[in-house]
>>> print(open('input-v8.csv').read())   # CSV, C-alpha atoms and all ligand atoms
chain,number,residue,atom,x,y,z
J,1,MET,CA,0.6,-17.4,18.5
J,2,LYS,CA,2.9,-14.4,18.2
J,3,ASN,CA,1.2,-11.3,17.0
J,4,TYR,CA,3.0,-10.2,13.9
J,5,PHE,CA,3.1,-6.6,12.9
J,6,ILE,CA,3.5,-5.9,9.2
J,7,GLU,CA,3.9,-2.3,8.5
J,8,LYS,CA,2.7,-0.7,5.2
J,9,PRO,CA,5.7,1.0,3.6
J,10,SER,CA,5.4,4.8,3.6
J,11,GLN,CA,4.5,6.0,0.1
J,12,THR,CA,6.2,9.4,0.5
J,13,ILE,CA,9.3,8.3,-1.4
J,14,LEU,CA,7.2,7.1,-4.4
J,15,ASP,CA,7.2,10.3,-6.4
J,16,GLN,CA,11.0,10.4,-6.2
J,17,VAL,CA,11.3,6.8,-7.2
J,18,LYS,CA,9.0,7.3,-10.2
J,19,ASN,CA,10.9,10.4,-11.2
J,20,LYS,CA,14.2,8.5,-11.1
J,21,ILE,CA,12.8,5.7,-13.3
J,22,ASP,CA,11.2,8.2,-15.7
J,23,LEU,CA,14.4,10.1,-16.2
J,24,LYS,CA,16.3,7.1,-17.3
J,25,THR,CA,17.4,7.0,-21.0
J,26,LYS,CA,14.3,5.3,-22.3
J,27,PRO,CA,10.8,6.2,-23.4
J,28,LEU,CA,8.4,6.5,-20.5
J,29,GLY,CA,7.3,3.1,-19.1
J,30,SER,CA,9.3,1.2,-21.7
J,31,LEU,CA,10.9,-1.2,-19.1
J,32,GLY,CA,7.3,-2.4,-18.3
J,33,GLN,CA,7.1,-4.8,-15.4
J,34,LEU,CA,10.8,-4.2,-14.5
J,35,GLU,CA,9.7,-0.8,-13.5
J,36,SER,CA,6.9,-2.0,-11.3
J,37,ILE,CA,9.2,-4.5,-9.6
J,38,ALA,CA,11.8,-1.7,-9.0
J,39,LYS,CA,9.1,0.5,-7.5
J,40,LYS,CA,8.0,-2.2,-5.2
J,41,ILE,CA,11.5,-3.0,-4.0
J,42,CYS,CA,12.3,0.8,-3.5
J,43,LEU,CA,9.2,1.1,-1.4
J,44,ILE,CA,10.1,-2.0,0.7
J,45,GLN,CA,13.6,-0.7,1.3
J,46,GLN,CA,12.6,3.0,1.4
J,47,THR,CA,15.3,4.0,-0.9
J,48,ARG,CA,15.9,5.0,-4.6
J,49,SER,CA,19.0,2.8,-4.7
J,50,PRO,CA,17.8,-0.7,-3.7
J,51,LYS,CA,20.1,-3.6,-3.1
J,52,LEU,CA,19.6,-7.4,-3.1
J,53,ASN,CA,21.7,-9.0,-0.3
J,54,HIS,CA,22.3,-12.7,0.4
J,55,PRO,CA,19.3,-14.1,-1.5
J,56,ALA,CA,18.0,-17.2,0.2
J,57,MET,CA,15.5,-20.0,-0.5
J,58,LEU,CA,13.9,-22.0,2.3
J,59,VAL,CA,12.4,-25.3,1.1
J,60,PHE,CA,10.0,-26.8,3.7
J,61,ALA,CA,9.0,-30.5,3.4
J,62,GLY,CA,6.1,-32.2,5.1
J,63,ASP,CA,3.7,-35.1,4.6
J,64,HIS,CA,-0.1,-35.0,4.5
J,65,GLY,CA,-2.4,-37.5,6.1
J,66,LEU,CA,-4.9,-36.9,3.3
J,67,THR,CA,-2.6,-38.9,1.0
J,68,ASP,CA,-4.5,-42.0,2.5
J,69,GLU,CA,-7.3,-40.9,0.2
J,70,ASN,CA,-5.4,-41.4,-3.0
J,71,ILE,CA,-5.4,-37.7,-4.1
J,72,SER,CA,-1.9,-37.6,-5.7
J,73,ALA,CA,-0.4,-39.5,-8.7
J,74,PHE,CA,2.7,-40.2,-6.5
J,75,PRO,CA,3.0,-42.1,-3.2
J,76,GLN,CA,3.8,-40.3,0.1
J,77,GLU,CA,7.3,-41.7,0.3
J,78,VAL,CA,8.3,-39.4,-2.6
J,79,THR,CA,8.4,-36.6,-0.1
J,80,HIS,CA,11.3,-38.0,1.9
J,81,GLN,CA,13.0,-39.4,-1.2
J,82,MET,CA,12.9,-35.8,-2.7
J,83,VAL,CA,14.3,-34.4,0.6
J,84,LEU,CA,17.3,-36.8,0.1
J,85,ASN,CA,17.5,-35.6,-3.5
J,86,PHE,CA,17.6,-32.0,-2.3
J,87,LEU,CA,20.4,-32.9,0.1
J,88,SER,CA,22.5,-34.5,-2.6
J,89,GLY,CA,22.0,-31.5,-4.9
J,90,GLY,CA,20.0,-33.3,-7.6
J,91,ALA,CA,16.6,-31.6,-7.7
J,92,ALA,CA,15.5,-28.7,-10.0
J,93,ILE,CA,15.6,-26.2,-7.1
J,94,ASN,CA,19.3,-27.2,-6.4
J,95,VAL,CA,20.2,-26.5,-10.0
J,96,PHE,CA,18.5,-23.2,-10.3
J,97,CYS,CA,19.7,-21.9,-6.9
J,98,GLN,CA,23.2,-22.9,-7.7
J,99,GLN,CA,22.9,-21.2,-11.1
J,100,ASN,CA,21.8,-17.9,-9.6
J,101,GLN,CA,23.8,-18.1,-6.4
J,102,ILE,CA,20.8,-18.3,-4.1
J,103,ASN,CA,21.5,-19.9,-0.7
J,104,LEU,CA,19.3,-23.0,-0.4
J,105,SER,CA,18.1,-24.5,3.0
J,106,VAL,CA,16.1,-27.7,3.3
J,107,VAL,CA,13.9,-28.0,6.3
J,108,ASP,CA,12.1,-31.1,7.6
J,109,ALA,CA,8.9,-29.5,8.7
J,110,GLY,CA,7.1,-32.8,9.3
J,111,VAL,CA,8.1,-35.6,6.9
J,112,ASN,CA,6.8,-39.1,7.6
J,113,HIS,CA,10.3,-40.5,7.8
J,114,THR,CA,13.2,-40.7,10.2
J,115,PHE,CA,16.2,-39.1,8.5
J,116,ALA,CA,19.8,-40.1,9.4
J,117,HIS,CA,21.7,-37.1,10.6
J,118,HIS,CA,22.7,-34.8,7.7
J,119,PRO,CA,24.6,-31.6,8.3
J,120,ASP,CA,22.5,-29.7,5.7
J,121,LEU,CA,19.1,-30.9,6.8
J,122,ILE,CA,17.4,-28.5,9.2
J,123,ASP,CA,15.3,-30.5,11.6
J,124,ARG,CA,12.2,-28.7,12.7
J,125,LYS,CA,10.0,-31.8,12.5
J,126,ILE,CA,6.6,-31.1,14.0
J,127,GLY,CA,5.3,-34.6,13.5
J,128,PHE,CA,5.4,-37.6,11.1
J,129,GLY,CA,2.9,-36.0,8.7
J,130,THR,CA,-0.4,-34.3,9.5
J,131,ALA,CA,-3.6,-36.1,10.4
J,132,ASN,CA,-6.0,-37.0,7.6
J,133,SER,CA,-8.1,-33.8,7.2
J,134,LEU,CA,-11.0,-35.9,5.8
J,135,HIS,CA,-11.6,-37.2,9.3
J,136,GLU,CA,-9.7,-34.9,11.7
J,137,GLU,CA,-8.1,-31.5,12.0
J,138,ALA,CA,-4.8,-31.8,10.1
J,139,MET,CA,-2.9,-30.0,12.9
J,140,THR,CA,-3.5,-29.2,16.5
J,141,ASP,CA,-3.3,-25.7,17.7
J,142,LYS,CA,0.1,-26.4,19.3
J,143,GLU,CA,1.5,-28.0,16.2
J,144,PHE,CA,0.4,-25.1,14.0
J,145,ASN,CA,1.9,-22.5,16.4
J,146,GLN,CA,5.1,-24.5,16.6
J,147,ALA,CA,5.3,-24.7,12.8
J,148,MET,CA,4.7,-21.0,12.4
J,149,ALA,CA,7.3,-20.1,15.0
J,150,ALA,CA,9.9,-22.4,13.4
J,151,GLY,CA,9.3,-20.8,10.0
J,152,ALA,CA,9.6,-17.3,11.6
J,153,GLN,CA,12.8,-18.3,13.4
J,154,LEU,CA,14.5,-19.6,10.3
J,155,VAL,CA,13.7,-16.4,8.5
J,156,ASP,CA,15.1,-14.4,11.3
J,157,ARG,CA,18.3,-16.5,11.1
J,158,LYS,CA,18.7,-15.4,7.5
J,159,PHE,CA,17.8,-11.8,8.2
J,160,THR,CA,20.4,-11.4,10.9
J,161,LYS,CA,23.0,-12.7,8.4
J,162,GLY,CA,22.1,-9.8,6.1
J,163,CYS,CA,19.6,-11.5,3.8
J,164,ASN,CA,16.9,-9.1,2.4
J,165,ILE,CA,15.3,-11.2,-0.3
J,166,ILE,CA,13.9,-14.7,0.4
J,167,GLY,CA,12.0,-17.3,-1.5
J,168,PHE,CA,9.8,-20.1,-0.1
J,169,GLY,CA,9.6,-23.6,-1.6
J,170,GLU,CA,7.8,-26.7,-0.5
J,171,MET,CA,7.8,-30.5,-1.0
J,172,GLY,CA,4.9,-32.5,0.2
J,173,ILE,CA,3.0,-35.1,-1.7
J,174,GLY,CA,-0.7,-34.1,-1.5
J,175,ASN,CA,-0.2,-30.4,-0.9
J,176,THR,CA,-2.0,-29.3,-4.1
J,177,SER,CA,-5.1,-30.7,-2.4
J,178,ALA,CA,-4.6,-28.6,0.7
J,179,SER,CA,-3.9,-25.6,-1.5
J,180,SER,CA,-7.1,-26.0,-3.5
J,181,LEU,CA,-9.1,-26.0,-0.3
J,182,LEU,CA,-7.5,-22.8,0.8
J,183,MET,CA,-8.1,-21.2,-2.6
J,184,SER,CA,-11.7,-22.2,-2.5
J,185,ALA,CA,-12.1,-20.9,1.0
J,186,PHE,CA,-10.6,-17.5,0.4
J,187,THR,CA,-11.7,-16.6,-3.2
J,188,ASP,CA,-15.2,-16.8,-4.7
J,189,CYS,CA,-14.1,-19.7,-7.0
J,190,SER,CA,-15.9,-23.0,-6.7
J,191,LEU,CA,-13.9,-25.9,-5.5
J,192,GLU,CA,-13.9,-27.5,-9.0
J,193,ASP,CA,-12.2,-24.3,-10.3
J,194,CYS,CA,-9.5,-24.6,-7.7
J,195,VAL,CA,-8.6,-28.3,-8.1
J,196,GLY,CA,-5.9,-29.4,-10.6
J,197,ARG,CA,-3.9,-32.4,-11.6
J,198,GLY,CA,-1.0,-31.8,-9.2
J,199,THR,CA,1.7,-34.3,-10.0
J,200,GLY,CA,-0.4,-35.5,-13.0
J,201,ILE,CA,-3.5,-37.5,-12.0
J,202,ASP,CA,-5.8,-38.6,-14.9
J,203,ASP,CA,-9.4,-37.6,-15.5
J,204,GLN,CA,-10.7,-40.3,-13.2
J,205,GLY,CA,-8.2,-39.3,-10.5
J,206,LEU,CA,-9.3,-35.7,-10.9
J,207,HIS,CA,-12.9,-36.5,-10.3
J,208,HIS,CA,-12.0,-38.5,-7.2
J,209,LYS,CA,-9.8,-35.7,-5.9
J,210,ILE,CA,-12.6,-33.2,-6.3
J,211,ASP,CA,-15.0,-35.6,-4.6
J,212,VAL,CA,-12.7,-36.1,-1.6
J,213,LEU,CA,-11.9,-32.4,-1.3
J,214,GLN,CA,-15.6,-31.5,-1.3
J,215,LYS,CA,-16.0,-33.8,1.7
J,216,VAL,CA,-13.0,-32.3,3.5
J,217,TYR,CA,-14.3,-28.8,2.8
J,218,ALA,CA,-17.7,-29.7,4.3
J,219,GLN,CA,-16.0,-31.3,7.3
J,220,HIS,CA,-14.2,-28.0,8.2
J,221,ARG,CA,-16.4,-25.3,6.7
J,222,ALA,CA,-17.6,-24.2,10.2
J,223,LYS,CA,-14.1,-22.8,10.9
J,224,LEU,CA,-14.1,-20.6,7.9
J,225,ASN,CA,-14.8,-17.5,10.0
J,226,ASP,CA,-11.2,-17.7,11.3
J,227,PRO,CA,-8.9,-18.1,8.2
J,228,LEU,CA,-5.9,-19.5,10.1
J,229,THR,CA,-8.1,-22.1,11.9
J,230,PHE,CA,-9.4,-23.3,8.6
J,231,PHE,CA,-5.7,-23.4,7.4
J,232,ARG,CA,-4.7,-25.4,10.5
J,233,CYS,CA,-7.5,-27.9,9.7
J,234,VAL,CA,-6.5,-28.6,6.1
J,235,ALA,CA,-2.9,-27.6,5.4
J,236,GLY,CA,0.4,-29.3,5.9
J,237,PHE,CA,3.3,-28.7,8.4
J,238,GLU,CA,5.5,-27.4,5.5
J,239,MET,CA,2.7,-24.9,4.6
J,240,ALA,CA,2.3,-23.7,8.2
J,241,MET,CA,6.1,-23.2,8.5
J,242,MET,CA,6.0,-21.3,5.2
J,243,LEU,CA,3.2,-19.2,6.5
J,244,GLY,CA,5.2,-18.3,9.6
J,245,ALA,CA,8.2,-17.6,7.4
J,246,MET,CA,6.3,-15.3,5.1
J,247,VAL,CA,4.8,-13.1,7.8
J,248,GLN,CA,8.1,-12.9,9.7
J,249,ALA,CA,9.9,-11.9,6.4
J,250,ALA,CA,7.4,-9.2,5.8
J,251,GLU,CA,7.7,-8.0,9.4
J,252,ASN,CA,11.5,-7.8,8.8
J,253,LYS,CA,10.7,-5.7,5.6
J,254,MET,CA,12.4,-8.3,3.4
J,255,ILE,CA,11.4,-9.0,-0.2
J,256,LEU,CA,9.2,-12.1,-0.4
J,257,LEU,CA,9.4,-14.3,-3.5
J,258,ILE,CA,6.2,-16.3,-4.0
J,259,ASP,CA,6.4,-19.4,-6.1
J,260,GLY,CA,3.6,-21.4,-7.7
J,261,PHE,CA,0.1,-22.6,-6.8
J,262,ILE,CA,1.0,-23.9,-3.3
J,263,ALA,CA,3.1,-21.0,-2.1
J,264,SER,CA,0.4,-18.6,-3.5
J,265,ALA,CA,-2.3,-20.5,-1.6
J,266,VAL,CA,-0.3,-20.2,1.6
J,267,PHE,CA,0.2,-16.5,0.9
J,268,LEU,CA,-3.6,-16.1,0.2
J,269,ALA,CA,-4.3,-17.5,3.7
J,270,ALA,CA,-1.7,-15.4,5.4
J,271,TYR,CA,-3.0,-12.3,3.5
J,272,GLN,CA,-6.5,-12.8,5.0
J,273,GLN,CA,-5.0,-12.0,8.4
J,274,TYR,CA,-2.2,-9.7,7.3
J,275,PRO,CA,-3.2,-7.7,4.2
J,276,ASN,CA,0.0,-5.6,4.3
J,277,LEU,CA,1.9,-8.8,3.3
J,278,MET,CA,1.1,-7.8,-0.3
J,279,CYS,CA,3.4,-4.8,-0.1
J,280,TYR,CA,6.4,-7.2,0.3
J,281,ALA,CA,5.6,-9.9,-2.2
J,282,LEU,CA,6.7,-10.6,-5.8
J,283,PHE,CA,4.7,-13.3,-7.6
J,284,CYS,CA,7.4,-15.1,-9.5
J,285,HIS,CA,5.5,-17.2,-12.0
J,286,GLN,CA,2.2,-18.4,-13.1
J,287,SER,CA,2.0,-22.2,-12.6
J,288,ASP,CA,0.2,-24.4,-15.0
J,289,GLU,CA,-1.7,-25.9,-12.1
J,290,HIS,CA,-5.4,-25.4,-12.8
J,291,GLY,CA,-6.5,-22.5,-10.5
J,292,HIS,CA,-3.3,-20.6,-10.3
J,293,GLN,CA,-4.3,-18.0,-12.9
J,294,SER,CA,-7.6,-17.3,-11.1
J,295,LEU,CA,-5.7,-17.1,-7.8
J,296,LEU,CA,-3.3,-14.5,-9.1
J,297,ASP,CA,-6.2,-12.6,-10.7
J,298,HIS,CA,-8.0,-12.7,-7.3
J,299,LEU,CA,-4.9,-11.2,-5.7
J,300,GLY,CA,-4.6,-8.7,-8.6
J,301,GLN,CA,-1.0,-9.7,-9.2
J,302,GLU,CA,0.9,-10.1,-12.4
J,303,PRO,CA,3.4,-12.9,-12.3
J,304,ILE,CA,7.0,-12.3,-13.5
J,305,LEU,CA,7.2,-15.4,-15.6
J,306,LYS,CA,4.8,-17.7,-17.3
J,307,MET,CA,6.6,-20.8,-18.5
J,308,ASN,CA,4.2,-23.6,-17.9
J,309,LEU,CA,6.0,-24.9,-14.9
J,310,ARG,CA,4.0,-27.0,-12.4
J,311,LEU,CA,6.6,-28.2,-10.0
J,312,GLY,CA,6.9,-26.1,-6.8
J,313,GLU,CA,10.0,-26.5,-4.7
J,314,GLY,CA,10.5,-22.7,-5.1
J,315,THR,CA,11.7,-23.2,-8.7
J,316,GLY,CA,9.7,-20.2,-10.0
J,317,CYS,CA,11.4,-18.0,-7.5
J,318,ALA,CA,14.9,-19.1,-8.4
J,319,LEU,CA,14.1,-18.7,-12.1
J,320,ALA,CA,12.6,-15.2,-11.7
J,321,TYR,CA,15.6,-14.0,-9.6
J,322,PRO,CA,17.7,-12.8,-12.5
J,323,ILE,CA,14.8,-10.7,-13.7
J,324,ILE,CA,14.5,-9.1,-10.3
J,325,GLN,CA,18.3,-8.4,-10.4
J,326,SER,CA,17.7,-6.7,-13.7
J,327,SER,CA,15.1,-4.4,-12.1
J,328,VAL,CA,17.5,-3.4,-9.4
J,329,ALA,CA,20.4,-3.0,-11.8
J,330,PHE,CA,18.5,-0.7,-14.2
J,331,ILE,CA,17.4,1.7,-11.5
J,332,ASN,CA,20.9,1.8,-10.0
J,333,GLN,CA,23.0,1.8,-13.1
J,334,MET,CA,21.2,3.3,-16.1
J,335,ALA,CA,22.1,6.8,-17.1
J,336,SER,CA,19.6,9.6,-16.9
J,337,PHE,CA,18.7,11.8,-19.9
J,338,GLU,CA,20.7,14.5,-18.2
J,339,SER,CA,23.8,12.5,-17.3
J,340,ALA,CA,24.0,11.1,-20.8
J,341,SER,CA,23.1,14.4,-22.5
J,342,ILE,CA,20.1,13.0,-24.4
J,343,THR,CA,17.2,15.1,-25.4
J,344,ASN,CA,14.2,14.1,-23.3
J,345,LYS,CA,11.4,15.0,-25.6
J,346,PRO,CA,9.0,12.5,-27.2
Z,401,LIG,C1,9.3,-36.4,-8.1
Z,401,LIG,C2,8.6,-35.2,-7.6
Z,401,LIG,C3,9.2,-34.0,-7.3
Z,401,LIG,C4,8.5,-32.9,-6.9
Z,401,LIG,N1,8.9,-31.6,-6.6
Z,401,LIG,C5,7.9,-30.9,-6.2
Z,401,LIG,N2,6.7,-31.6,-6.4
Z,401,LIG,C6,5.4,-31.1,-6.2
Z,401,LIG,O1,4.4,-32.0,-6.2
Z,401,LIG,C7,3.7,-32.2,-5.0
Z,401,LIG,C8,2.3,-31.8,-5.1
Z,401,LIG,O2,1.5,-32.5,-6.0
Z,401,LIG,P1,0.3,-33.5,-5.5
Z,401,LIG,O3,-0.6,-32.7,-4.7
Z,401,LIG,O4,-0.3,-34.0,-6.8
Z,401,LIG,O5,1.0,-34.6,-4.7
Z,401,LIG,C9,4.4,-31.3,-4.0
Z,401,LIG,O6,5.4,-32.1,-3.3
Z,401,LIG,C10,5.1,-30.3,-4.9
Z,401,LIG,O7,6.2,-29.7,-4.3
Z,401,LIG,C11,7.1,-32.9,-6.8
Z,401,LIG,C12,6.4,-34.0,-7.1
Z,401,LIG,C13,7.1,-35.2,-7.5
Z,401,LIG,C14,6.4,-36.5,-7.8
Z,402,LIG,O1,2.5,-24.6,-8.8
Z,402,LIG,C1,2.9,-25.4,-7.9
Z,402,LIG,O2,3.4,-25.0,-6.9
Z,402,LIG,C2,2.8,-26.9,-8.1
Z,402,LIG,C3,2.0,-27.4,-9.1
Z,402,LIG,C4,1.9,-28.8,-9.2
Z,402,LIG,C5,2.6,-29.6,-8.4
Z,402,LIG,N1,3.4,-29.1,-7.5
Z,402,LIG,C6,3.5,-27.7,-7.3
>>> encode(input="input-v8.csv", output="structure tokens")
Amino acid sequence: MKNYFIEKPSQTILDQVKNKIDLKTKPLGSLGQLESIAKKICLIQQTRSPKLNHPAMLVFAGDHGLTDENISAFPQEVTHQMVLNFLSGGAAINVFCQQNQINLSVVDAGVNHTFAHHPDLIDRKIGFGTANSLHEEAMTDKEFNQAMAAGAQLVDRKFTKGCNIIGFGEMGIGNTSASSLLMSAFTDCSLEDCVGRGTGIDDQGLHHKIDVLQKVYAQHRAKLNDPLTFFRCVAGFEMAMMLGAMVQAAENKMILLIDGFIASAVFLAAYQQYPNLMCYALFCHQSDEHGHQSLLDHLGQEPILKMNLRLGEGTGCALAYPIIQSSVAFINQMASFESASITNKP
């Protein structure tokens, strides 16, 4: 595996950034979270005049062997059917990316389906779904490394075209299960507190899901001393590709847009290995999926939006994007007390 180097942004510019924000024509701190977003982006870009260039969204799709255990309300074939929906422009993420002029790429990371050639489908298929983590390691070392490298390469492709802000979406029936296992592994929350209804399982389905995940956890707990090995044993190809994409984006000093429960769980795993990742990430929304609030609390992060979404695909990133644009707009365009000749005295 490539050794990624994620640099902590220098804080020397922070006082100047704070000063610029505080001298805008507004009471101190009155733009709330817009101010903290602006500060973070200024630190990432090491400037007081940040810019958002060529925003991109990568949606990774992959299937999970664990779906054999009946842990989702929907069957596995919905993954490939949704990929076709992404390609014809009909999914929620298509609509919100189109609305906000975010460039959307759809990646076959490992869907259990042979797609006909499509000019807009990026083929990085690692396999036809992962192995069933109840009985085996979900991915081999080789598959995991391949997936991470592919995610990193796709980010680099965007970066060389001038993109400096990138969101990560996923599609993979069963991937809330893998995410719950990661959350339980890397927080002090019990597995029950990390498991939710995903696509909408009922009470009986939820008990069954918890029961299956307890067994999966027990099966792989010996690998917990190495976070990415545990990840490899329980996660999906789309999640591994997302992990590679996140660390490469941070290495490139891009702004990372983190979506809901699944993307946050991938981030959490990556963060174990690369703590400086946090300096580059904006948490776009708090999902309604049980566990997400605790996960964000664990990371000490305040989400931009809280709108009871529980979809994934990167939708929270696309919806939060206009707010992030407002953060950048105010720091660049608002007048200062001095330039507007306004008395700066509370
Ligand atoms: C039609 C449809 C579209 C979706 N788009 C995202 N997901 C979301 O639901 C899945 C995770 O939930 P679980 O773990 O319960 O299977 C992921 O594919 C996620 O992206 C969808 C799910 C469905 C059914
Ligand atoms: O928050 C998410 O990412 C999520 C929640 C439920 C189902 N799919 C995705």
>>> residues_around(input="input-v8.csv", residues="segment 168-181 of chain J", least_positions_apart="3", cutoff="6 Å", atoms="only C-alpha atoms", output="list in words")
Met57, Leu58, Val59, Phe60, Ala61, Gly62, Asp63, Thr67, Ser72, Gln76, Thr79, Ser184, Cys194, Val195, Gly198, Val234, Ala235, Ile262, Ala265, Glu313 and Gly314 of chain J
>>> write_last_selection(input="input-v8.csv", atoms="C-alpha atoms", output="compact mmCIF listing (two decimals), in the coordinates of the input")
# COMPACT_ATOMS: atom_id res chain seq x y z
CA MET J 57 15.50 -20.00 -0.50
CA LEU J 58 13.90 -22.00 2.30
CA VAL J 59 12.40 -25.30 1.10
CA PHE J 60 10.00 -26.80 3.70
CA ALA J 61 9.00 -30.50 3.40
CA GLY J 62 6.10 -32.20 5.10
CA ASP J 63 3.70 -35.10 4.60
CA THR J 67 -2.60 -38.90 1.00
CA SER J 72 -1.90 -37.60 -5.70
CA GLN J 76 3.80 -40.30 0.10
CA THR J 79 8.40 -36.60 -0.10
CA SER J 184 -11.70 -22.20 -2.50
CA CYS J 194 -9.50 -24.60 -7.70
CA VAL J 195 -8.60 -28.30 -8.10
CA GLY J 198 -1.00 -31.80 -9.20
CA VAL J 234 -6.50 -28.60 6.10
CA ALA J 235 -2.90 -27.60 5.40
CA ILE J 262 1.00 -23.90 -3.30
CA ALA J 265 -2.30 -20.50 -1.60
CA GLU J 313 10.00 -26.50 -4.70
CA GLY J 314 10.50 -22.70 -5.10
>>> closest_residue(input="input-v8.csv", among="J:Ile71, J:Val111, J:Val106, J:Ile41", to="ligand LIG 401 (chain Z)", atoms="all atoms listed in the file")
J:Ile71
>>> residues_near_ligand(input="input-v8.csv", ligand="ligand LIG 402 (chain Z)", cutoff="6 Å", atoms="only C-alpha atoms and all ligand atoms", output="list in words")
Gly198, Thr199, Gly260, Phe261, Ile262, Ser287, Glu289, Arg310, Leu311 and Gly312 of chain J
>>> closest_residue(input="input-v8.csv", among="J:Asn112, J:Thr315, J:Gln101, J:Gln153", to="ligand LIG 401 (chain Z)", atoms="only C-alpha atoms and all ligand atoms")
J:Thr315
>>> closest_residue(input="input-v8.csv", among="J:Met239, J:Leu319, J:Pro119, J:Arg232", to="ligand LIG 401 (chain Z)", atoms="all atoms listed in the file")
J:Met239
>>> atom_distance(input="input-v8.csv", atom1="atom CA of Pro346 of chain J", atom2="atom CA of Lys26 of chain J")
10.2 Å
>>> residues_around(input="input-v8.csv", residues="Met242 of chain J", least_positions_apart="5", cutoff="10 Å", atoms="all atoms listed in the file", output="VMD selection string")
chain J and resid 58 to 61 109 147 to 152 155 167 to 170 236 to 237 247 to 248 263 266 to 267 270
>>> write_last_selection(input="input-v8.csv", atoms="C-alpha atoms", output="compact mmCIF listing (two decimals), in the frame of the given file")
# COMPACT_ATOMS: atom_id res chain seq x y z
CA LEU J 58 13.90 -22.00 2.30
CA VAL J 59 12.40 -25.30 1.10
CA PHE J 60 10.00 -26.80 3.70
CA ALA J 61 9.00 -30.50 3.40
CA ALA J 109 8.90 -29.50 8.70
CA ALA J 147 5.30 -24.70 12.80
CA MET J 148 4.70 -21.00 12.40
CA ALA J 149 7.30 -20.10 15.00
CA ALA J 150 9.90 -22.40 13.40
CA GLY J 151 9.30 -20.80 10.00
CA ALA J 152 9.60 -17.30 11.60
CA VAL J 155 13.70 -16.40 8.50
CA GLY J 167 12.00 -17.30 -1.50
CA PHE J 168 9.80 -20.10 -0.10
CA GLY J 169 9.60 -23.60 -1.60
CA GLU J 170 7.80 -26.70 -0.50
CA GLY J 236 0.40 -29.30 5.90
CA PHE J 237 3.30 -28.70 8.40
CA VAL J 247 4.80 -13.10 7.80
CA GLN J 248 8.10 -12.90 9.70
CA ALA J 263 3.10 -21.00 -2.10
CA VAL J 266 -0.30 -20.20 1.60
CA PHE J 267 0.20 -16.50 0.90
CA ALA J 270 -1.70 -15.40 5.40
>>> atom_distance(input="input-v8.csv", atom1="atom CA of Gln11 of chain J", atom2="atom CA of Ala329 of chain J")
21.8 Å
>>> closest_residue(input="input-v8.csv", among="J:Ile37, J:Leu243, J:Lys8, J:Glu338", to="Pro303 of chain J", atoms="only C-alpha atoms")
J:Ile37
>>> residues_around(input="input-v8.csv", residues="Leu224 of chain J", least_positions_apart="4", cutoff="12 Å", atoms="only C-alpha atoms", output="PyMOL selection string")
chain J and resi 181-182+184-186+217-220+228-234+269+272
